[in-house]
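For reference, the structure discussed in these notes is given below.
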Amino acid sequence: MESTKYSAKPKLYIGIMSGTSVDGIDVVLTKINDNNSQFIAGLSCPFEQTLRNHILELCQTAHCDLQTLGQLTVKLSQHYAQAVQQLVTTHQIDKSQVRAIGCHGQTVLHHPFGQTPFSMQLVNAHVLAAKTGITCITDFRGMDIALQGQGAPLVPMFHQSLFKDTDDNPKLLLNLGGIANLSIITASQLSGFDTGPSNILLDSWMQYKFGKAYDKNGQLSATGQVNKKLLALLLNDPYFSRPVPKSTGREYFNLAWFKAKLAQVNVTISDADIMATLVQLTVISIVDALNQRIDVTLNAHTLYVFGGGCQNHHLMVSLKKLLPHWQVDTTDSIAINSQYMEAMAFAWLGYRCITGQPGNSPSVTGATQQVIMGQITQVIGHKLILGE
Ligand SMILES: Nc1ncnc2c1ncn2[C@@H]1O[C@H](COP(=O)(O)OP(=O)(O)O)[C@@H](O)[C@H]1O
Ligand SMILES: [Mg+2]
């Protein structure tokens with residue numbers, strides 16, 4: 001249920017996302033009016049190799065000294081600010097018209113479990129606000145986790161805002177980022193969860209074996225055969241059958257996870273076959289998760305896909321094969337650039353915070369209540385005004 005108490009005056013918001021693939025920074029400018037987002041401009045800035053390696057190393061080891069942590073966070077934030085500046089310059093945006101920046105930060109550890117749950121996103125909001133001159137909203141996951149939620153995924157509520165019709169047809173959206181996540185929107189319920197790995201394992205194998213960031217267009221995986229024994233072993237991982245709410249990340253699905261499974265198969269498998277098997281792992285875990293909620297053979301629905309995995313031709317073809325009666329489109333068909341969906345979501349979540357509206361959905365995250373999400377860092381010397 002969307003609130004209508006806010007004025008209809010449109011406002012500009014910037015969203016910044018850098019996801020678990022650690023490929024780079026996506027930044028967008030959106031106009032948000034009464035919870036409705038309109039994409040204005042976007043750009044992607046790939047991480048320079050050294051910065052990427054530092055982030056990946058931290059994700060992998062979960063260890064570093066405090067000086068490294070502090071410096072890495074500032075460096076990253078400087079890059080976020082540069083990305084904003086590039087967007088502003090390229091599109092001749094008047095910064096004074098930008099109400100706020102919603103910045104997700106870079107996840108280095110997602111651990112919403114046990115007695116001391118947390119999710120760590122690196123960003124120094126002071127640096128970002130000082131360098132851009134724009135109020136920043138960060139730490140979107142913390143409050144949900146403090147209220148016993150997973151703090152993830154956070155995009156489903158934004159997805160709900162994109163669909164105005166209230167017919168009985170479920171709206172289904174799939175993110176093919178480092179991790180894959182689904183949003184399932186029906187007239188009566190909003191659900192969403194991480195289905196498992198999408199690009200993380202594919203990218204990791206390409207980096208490990210060929211020193212390449214990813215399998216361009218799925219060219220290598222398309223030449224391979226799925227190894228059934230390996231696939232069964234991978235799918236047997238307890239994450240896939242775990243009930244919702246659930247979320248995961250690089251700390252769970254990573255090269256070490258995969259190598260441990262591979263060692264159990266005890267036969268030599270070609271790189272092409274390994275890549276084909278990893279693609280199949282991604283699509284089967286997604287379709288199985290869908291099938292548990294909606295009989296995929298009964299009704300034909302549309303699945304709207306976004307994230308970098310949309311560029312992986314073999315991944316998309318494999319997904320379509322498992323949903324033969326469905327329409328599988330990218331979100332570009334609903335006027336949301338598939339590359340920028342998540343950055344759009346964090347611009348919207350920033351807006352939700354500034355306008356005093358909740359940013360989490362307990363039916364997705366498992367939190368005990370809906371709450372305003374995010375921390376506001378005010379621009380130096382500026383007067384902060386909350387609300388629209
Ligand atoms: N042309 C392409 N071919 C295959 N995969 C691609 C291509 N372009 C992007 N990708 C994949 O998309 C990933 C980035 O997707 P993204 O949505 O930014 O994920 P995240 O949100 O985790 O950062 C890359 O790491 C890569 O795996
Ligand atoms: Mg990315």
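Residue numbering restarts at 1 in every chain; chains get A, B, ... in the order shown in the structure tokens, and ligands count up from 1 in that same order.
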* Nearby polymer residues, ligand 1, at most 6 Å, only C-alpha atoms and all ligand atoms, as a PyMOL selection string -> chain A and resi 18-23+177-178+199+203+214-218+307-309+311-312
What does the file look like for those residues with C-alpha atoms, as a short mmCIF file (atom, residue, chain, number, x, y, z; two decimals), in the first residue's frame?
```cif
data_model
loop_
_atom_site.label_atom_id
_atom_site.label_comp_id
_atom_site.auth_asym_id
_atom_site.auth_seq_id
_atom_site.Cartn_x
_atom_site.Cartn_y
_atom_site.Cartn_z
CA SER A 18 28.29 -2.02 -6.93
CA GLY A 19 27.30 -5.65 -6.57
CA THR A 20 28.75 -9.02 -5.62
CA SER A 21 30.27 -9.51 -9.08
CA VAL A 22 32.69 -6.68 -8.14
CA ASP A 23 32.75 -5.64 -11.79
CA GLY A 177 23.95 -10.49 -10.84
CA GLY A 178 26.74 -12.21 -8.93
CA ASN A 199 27.68 -15.03 -12.26
CA ASP A 203 33.36 -15.46 -13.29
CA TYR A 214 33.89 -13.37 -17.36
CA ASP A 215 32.86 -15.73 -20.16
CA LYS A 216 31.94 -13.19 -22.83
CA ASN A 217 28.40 -13.86 -24.08
CA GLY A 218 28.68 -17.39 -22.65
CA GLY A 307 21.57 -7.72 -14.30
CA GLY A 308 24.78 -8.44 -16.20
CA GLY A 309 23.79 -12.08 -16.74
CA GLN A 311 24.42 -10.30 -21.58
CA ASN A 312 25.35 -13.96 -21.24
#
```
* Could I get the residue neighbourhood of ligand 2 at 12 Å, counting only C-alpha atoms and all ligand atoms, as a ChimeraX atom specification? => /A:16-27,43-47,52,104-107,175-179,199-200,213,306-309,338-343
Output N, CA and C atoms of each residue in that selection to a file, as a short mmCIF file (atom, residue, chain, number, x, y, z; two decimals), in the first residue's frame.
```
data_model
loop_
_atom_site.label_atom_id
_atom_site.label_comp_id
_atom_site.auth_asym_id
_atom_site.auth_seq_id
_atom_site.Cartn_x
_atom_site.Cartn_y
_atom_site.Cartn_z
N ILE A 16 23.44 4.52 -6.55
CA ILE A 16 24.76 3.92 -6.85
C ILE A 16 24.76 2.47 -6.39
N MET A 17 25.15 1.59 -7.29
CA MET A 17 25.22 0.17 -6.94
C MET A 17 26.54 -0.43 -7.39
N SER A 18 27.18 -1.16 -6.50
CA SER A 18 28.29 -2.02 -6.93
C SER A 18 28.04 -3.37 -6.26
N GLY A 19 27.83 -4.38 -7.07
CA GLY A 19 27.30 -5.65 -6.57
C GLY A 19 28.34 -6.71 -6.30
N THR A 20 27.86 -7.92 -6.03
CA THR A 20 28.75 -9.02 -5.62
C THR A 20 29.67 -9.49 -6.75
N SER A 21 29.35 -9.13 -7.99
CA SER A 21 30.27 -9.51 -9.08
C SER A 21 31.57 -8.71 -8.99
N VAL A 22 31.53 -7.58 -8.27
CA VAL A 22 32.69 -6.68 -8.14
C VAL A 22 33.24 -6.29 -9.52
N ASP A 23 32.34 -6.04 -10.44
CA ASP A 23 32.75 -5.64 -11.79
C ASP A 23 32.91 -4.12 -11.90
N GLY A 24 32.16 -3.38 -11.11
CA GLY A 24 32.26 -1.93 -11.20
C GLY A 24 31.08 -1.25 -10.54
N ILE A 25 30.93 0.03 -10.89
CA ILE A 25 29.93 0.88 -10.26
C ILE A 25 28.87 1.25 -11.30
N ASP A 26 27.60 1.03 -10.95
CA ASP A 26 26.50 1.53 -11.79
C ASP A 26 25.90 2.72 -11.08
N VAL A 27 25.74 3.82 -11.83
CA VAL A 27 25.15 5.02 -11.23
C VAL A 27 24.05 5.54 -12.14
N LEU A 43 25.26 5.43 -16.05
CA LEU A 43 26.53 5.00 -16.62
C LEU A 43 27.18 3.97 -15.71
N SER A 44 28.08 3.19 -16.31
CA SER A 44 28.80 2.16 -15.55
C SER A 44 30.28 2.46 -15.60
N CYS A 45 30.93 2.40 -14.45
CA CYS A 45 32.38 2.62 -14.38
C CYS A 45 33.02 1.33 -13.89
N PRO A 46 33.72 0.61 -14.75
CA PRO A 46 34.39 -0.62 -14.30
C PRO A 46 35.43 -0.30 -13.22
N PHE A 47 35.60 -1.21 -12.26
CA PHE A 47 36.65 -1.03 -11.26
C PHE A 47 38.01 -1.21 -11.93
N ARG A 52 39.69 -3.70 -7.67
CA ARG A 52 38.88 -4.93 -7.74
C ARG A 52 39.57 -6.06 -6.96
N HIS A 104 24.38 1.96 -2.18
CA HIS A 104 24.37 0.65 -1.51
C HIS A 104 25.68 0.36 -0.80
N GLY A 105 26.80 0.76 -1.39
CA GLY A 105 28.11 0.37 -0.85
C GLY A 105 28.52 -0.98 -1.41
N GLN A 106 29.75 -1.40 -1.07
CA GLN A 106 30.27 -2.66 -1.59
C GLN A 106 30.21 -3.74 -0.50
N THR A 107 29.38 -4.73 -0.73
CA THR A 107 29.30 -5.82 0.26
C THR A 107 30.61 -6.59 0.29
N ASN A 175 16.98 -11.24 -11.00
CA ASN A 175 18.27 -10.57 -11.11
C ASN A 175 19.37 -11.59 -11.40
N LEU A 176 20.05 -11.43 -12.52
CA LEU A 176 21.22 -12.27 -12.80
C LEU A 176 22.48 -11.46 -12.52
N GLY A 177 22.72 -11.17 -11.26
CA GLY A 177 23.95 -10.49 -10.84
C GLY A 177 24.94 -11.55 -10.41
N GLY A 178 25.83 -11.21 -9.48
CA GLY A 178 26.74 -12.21 -8.93
C GLY A 178 25.92 -13.35 -8.33
N ILE A 179 24.92 -12.96 -7.57
CA ILE A 179 23.93 -13.88 -7.00
C ILE A 179 22.63 -13.66 -7.78
N ASN A 199 26.40 -15.23 -11.54
CA ASN A 199 27.68 -15.03 -12.26
C ASN A 199 28.91 -15.36 -11.42
N ILE A 200 28.75 -15.38 -10.10
CA ILE A 200 29.94 -15.49 -9.23
C ILE A 200 30.82 -16.69 -9.60
N ALA A 213 37.78 -11.87 -16.72
CA ALA A 213 36.77 -11.46 -15.74
C ALA A 213 35.46 -12.25 -15.90
N PHE A 306 16.99 -9.00 -15.30
CA PHE A 306 17.92 -7.87 -15.33
C PHE A 306 19.25 -8.29 -14.73
N GLY A 307 20.23 -7.41 -14.79
CA GLY A 307 21.57 -7.72 -14.30
C GLY A 307 22.48 -8.14 -15.45
N GLY A 308 23.78 -8.16 -15.17
CA GLY A 308 24.78 -8.44 -16.20
C GLY A 308 24.61 -9.79 -16.87
N GLY A 309 24.00 -10.75 -16.17
CA GLY A 309 23.79 -12.08 -16.74
C GLY A 309 22.91 -12.06 -17.98
N SER A 338 18.09 -2.97 -18.07
CA SER A 338 18.44 -4.15 -17.27
C SER A 338 19.78 -3.99 -16.54
N GLN A 339 20.62 -3.14 -17.06
CA GLN A 339 21.91 -2.89 -16.41
C GLN A 339 21.77 -2.05 -15.14
N TYR A 340 20.74 -1.21 -15.12
CA TYR A 340 20.65 -0.20 -14.05
C TYR A 340 19.54 -0.44 -13.04
N MET A 341 18.88 -1.57 -13.13
CA MET A 341 17.74 -1.83 -12.23
C MET A 341 18.12 -1.64 -10.75
N GLU A 342 19.25 -2.23 -10.33
CA GLU A 342 19.58 -2.17 -8.91
C GLU A 342 19.96 -0.76 -8.47
N ALA A 343 20.68 -0.04 -9.32
CA ALA A 343 21.01 1.35 -9.00
C ALA A 343 19.73 2.17 -8.89
#
```
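Shell of Ala129 of chain A at 9 Å, with only C-alpha atoms counted and residues fewer than 5 places along the chain excluded, is Ala81, Ile101, Asn124, Ile134, Thr135, Cys136, Thr377, Gln378, Val379 and Ile380 of chain A.
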Can you tell me, as a PDB file with C-alpha atoms, in the first residue's frame, what residues are no more than 8 Å from Ala222 of chain A when counting only C-alpha atoms, ignoring any on the same chain fewer than 6 positions away?
```pdb
ATOM      1  CA  ALA A 272      33.857 -25.917 -21.196  1.00  0.00           C
ATOM      2  CA  ALA A 276      28.160 -25.455 -19.001  1.00  0.00           C
ATOM      3  CA  HIS A 314      24.096 -19.029 -23.234  1.00  0.00           C
TER       4      HIS A 314
END
```
* Quick one: pick out all strand (DSSP E) residues within segment 209-322 of chain A from a backbone DSSP run and write them as a count of residues only. => 5
* **Nearby residues (only C-alpha atoms) at most 12 Å from Pro197 of chain A, same-chain spacing under 5 positions excluded, as a PyMOL selection string** => chain A and resi 20-21+175-181+202-204+234-235+237+239-240+247-255+257-258+278-286+309
Output N, CA and C atoms for every residue in the selection just made, as a short mmCIF file (atom, residue, chain, number, x, y, z; two decimals), in the first residue's frame.
```
data_model
loop_
_atom_site.label_atom_id
_atom_site.label_comp_id
_atom_site.auth_asym_id
_atom_site.auth_seq_id
_atom_site.Cartn_x
_atom_site.Cartn_y
_atom_site.Cartn_z
N THR A 20 27.86 -7.92 -6.03
CA THR A 20 28.75 -9.02 -5.62
C THR A 20 29.67 -9.49 -6.75
N SER A 21 29.35 -9.13 -7.99
CA SER A 21 30.27 -9.51 -9.08
C SER A 21 31.57 -8.71 -8.99
N ASN A 175 16.98 -11.24 -11.00
CA ASN A 175 18.27 -10.57 -11.11
C ASN A 175 19.37 -11.59 -11.40
N LEU A 176 20.05 -11.43 -12.52
CA LEU A 176 21.22 -12.27 -12.80
C LEU A 176 22.48 -11.46 -12.52
N GLY A 177 22.72 -11.17 -11.26
CA GLY A 177 23.95 -10.49 -10.84
C GLY A 177 24.94 -11.55 -10.41
N GLY A 178 25.83 -11.21 -9.48
CA GLY A 178 26.74 -12.21 -8.93
C GLY A 178 25.92 -13.35 -8.33
N ILE A 179 24.92 -12.96 -7.57
CA ILE A 179 23.93 -13.88 -7.00
C ILE A 179 22.63 -13.66 -7.78
N ALA A 180 21.82 -14.71 -7.91
CA ALA A 180 20.52 -14.56 -8.56
C ALA A 180 19.46 -14.35 -7.50
N ASN A 181 18.57 -13.39 -7.72
CA ASN A 181 17.42 -13.30 -6.82
C ASN A 181 16.13 -13.05 -7.56
N LEU A 202 30.72 -18.62 -12.32
CA LEU A 202 31.16 -18.54 -13.73
C LEU A 202 32.37 -17.62 -13.85
N ASP A 203 32.24 -16.44 -13.24
CA ASP A 203 33.36 -15.46 -13.29
C ASP A 203 34.60 -16.02 -12.59
N SER A 204 34.38 -16.65 -11.44
CA SER A 204 35.51 -17.15 -10.65
C SER A 204 36.31 -18.19 -11.44
N LEU A 234 26.31 -30.41 -6.93
CA LEU A 234 26.18 -28.97 -6.64
C LEU A 234 24.77 -28.65 -6.14
N LEU A 235 23.78 -29.22 -6.83
CA LEU A 235 22.38 -28.94 -6.47
C LEU A 235 22.01 -29.53 -5.11
N ASP A 237 23.58 -29.09 -2.49
CA ASP A 237 23.97 -28.17 -1.41
C ASP A 237 22.72 -27.72 -0.64
N TYR A 239 21.81 -25.09 0.68
CA TYR A 239 21.24 -23.74 0.46
C TYR A 239 20.00 -23.80 -0.42
N PHE A 240 20.05 -24.66 -1.45
CA PHE A 240 18.97 -24.64 -2.45
C PHE A 240 17.63 -25.10 -1.88
N SER A 247 19.09 -15.41 2.02
CA SER A 247 19.95 -14.57 1.19
C SER A 247 21.37 -15.11 1.33
N THR A 248 22.17 -14.85 0.33
CA THR A 248 23.52 -15.39 0.36
C THR A 248 24.47 -14.46 -0.38
N GLY A 249 25.72 -14.87 -0.47
CA GLY A 249 26.71 -14.01 -1.12
C GLY A 249 27.98 -14.74 -1.42
N ARG A 250 28.99 -13.96 -1.70
CA ARG A 250 30.31 -14.45 -2.08
C ARG A 250 30.99 -15.25 -0.96
N GLU A 251 30.60 -14.94 0.30
CA GLU A 251 31.22 -15.66 1.41
C GLU A 251 30.79 -17.12 1.43
N TYR A 252 29.70 -17.46 0.74
CA TYR A 252 29.22 -18.84 0.71
C TYR A 252 29.52 -19.48 -0.65
N PHE A 253 28.97 -18.86 -1.72
CA PHE A 253 29.21 -19.39 -3.06
C PHE A 253 30.46 -18.74 -3.64
N ASN A 254 31.54 -19.48 -3.64
CA ASN A 254 32.80 -18.93 -4.14
C ASN A 254 33.64 -20.06 -4.73
N LEU A 255 34.83 -19.71 -5.19
CA LEU A 255 35.68 -20.71 -5.86
C LEU A 255 36.00 -21.88 -4.93
N TRP A 257 34.19 -23.06 -2.50
CA TRP A 257 32.98 -23.90 -2.41
C TRP A 257 32.94 -24.83 -3.61
N PHE A 258 33.16 -24.26 -4.80
CA PHE A 258 33.06 -25.05 -6.02
C PHE A 258 34.17 -26.10 -6.11
N LEU A 278 27.95 -25.09 -14.64
CA LEU A 278 27.67 -23.95 -13.74
C LEU A 278 26.49 -23.12 -14.26
N VAL A 279 26.39 -22.98 -15.57
CA VAL A 279 25.23 -22.27 -16.14
C VAL A 279 23.96 -23.05 -15.79
N GLN A 280 24.05 -24.38 -15.94
CA GLN A 280 22.86 -25.20 -15.66
C GLN A 280 22.50 -25.13 -14.17
N LEU A 281 23.51 -25.08 -13.31
CA LEU A 281 23.25 -24.93 -11.87
C LEU A 281 22.44 -23.65 -11.63
N THR A 282 22.87 -22.57 -12.25
CA THR A 282 22.17 -21.29 -12.08
C THR A 282 20.72 -21.39 -12.53
N VAL A 283 20.50 -21.88 -13.75
CA VAL A 283 19.13 -21.85 -14.28
C VAL A 283 18.23 -22.87 -13.58
N ILE A 284 18.76 -24.04 -13.24
CA ILE A 284 17.91 -25.04 -12.55
C ILE A 284 17.53 -24.53 -11.17
N SER A 285 18.50 -23.94 -10.45
CA SER A 285 18.16 -23.46 -9.10
C SER A 285 17.10 -22.35 -9.17
N ILE A 286 17.14 -21.56 -10.21
CA ILE A 286 16.13 -20.50 -10.38
C ILE A 286 14.77 -21.11 -10.70
N GLY A 309 24.00 -10.75 -16.17
CA GLY A 309 23.79 -12.08 -16.74
C GLY A 309 22.91 -12.06 -17.98
#
```
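Closest approach to His313 of chain A among A:Phe193, A:Gln219, A:Ala130, A:Gln160 is made by A:Gln219 (distances from only C-alpha atoms).
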* Tell me which protein, DNA and RNA residues are within 9 Å of Asp271 of chain A, counting only C-alpha atoms, leaving out same-chain ones fewer than 3 positions away, and put them as a PyMOL selection string. => chain A and resi 205-206+209+220-221+224+274-276
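The shortest atom-to-atom distance to His54 of chain A, with only C-alpha atoms taken into account, belongs to A:Val108 out of A:Val108, A:Met157, A:Ala367, A:Leu319.
Relative to atom CA of His159 of chain A, atom CA of Ser96 of chain A is found at 27.9 Å.
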* **Spatial neighbours of Asp329 of chain A, 7 Å, only C-alpha atoms, chain gap at least 4 places, as a ChimeraX atom specification** => /A:303-305,333
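Nearest residue to Ser183 of chain A, choosing from A:Met143, A:Val364, A:Ile137, A:Leu58 and counting only C-alpha atoms: A:Val364.
Atom CA of Asp273 of chain A sits 11.7 Å away from atom CA of Lys229 of chain A.
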* Structure fact -> As a check of understanding: the span from atom CA of Asp144 of chain A to atom CA of Ala125 of chain A is 19.3 Å
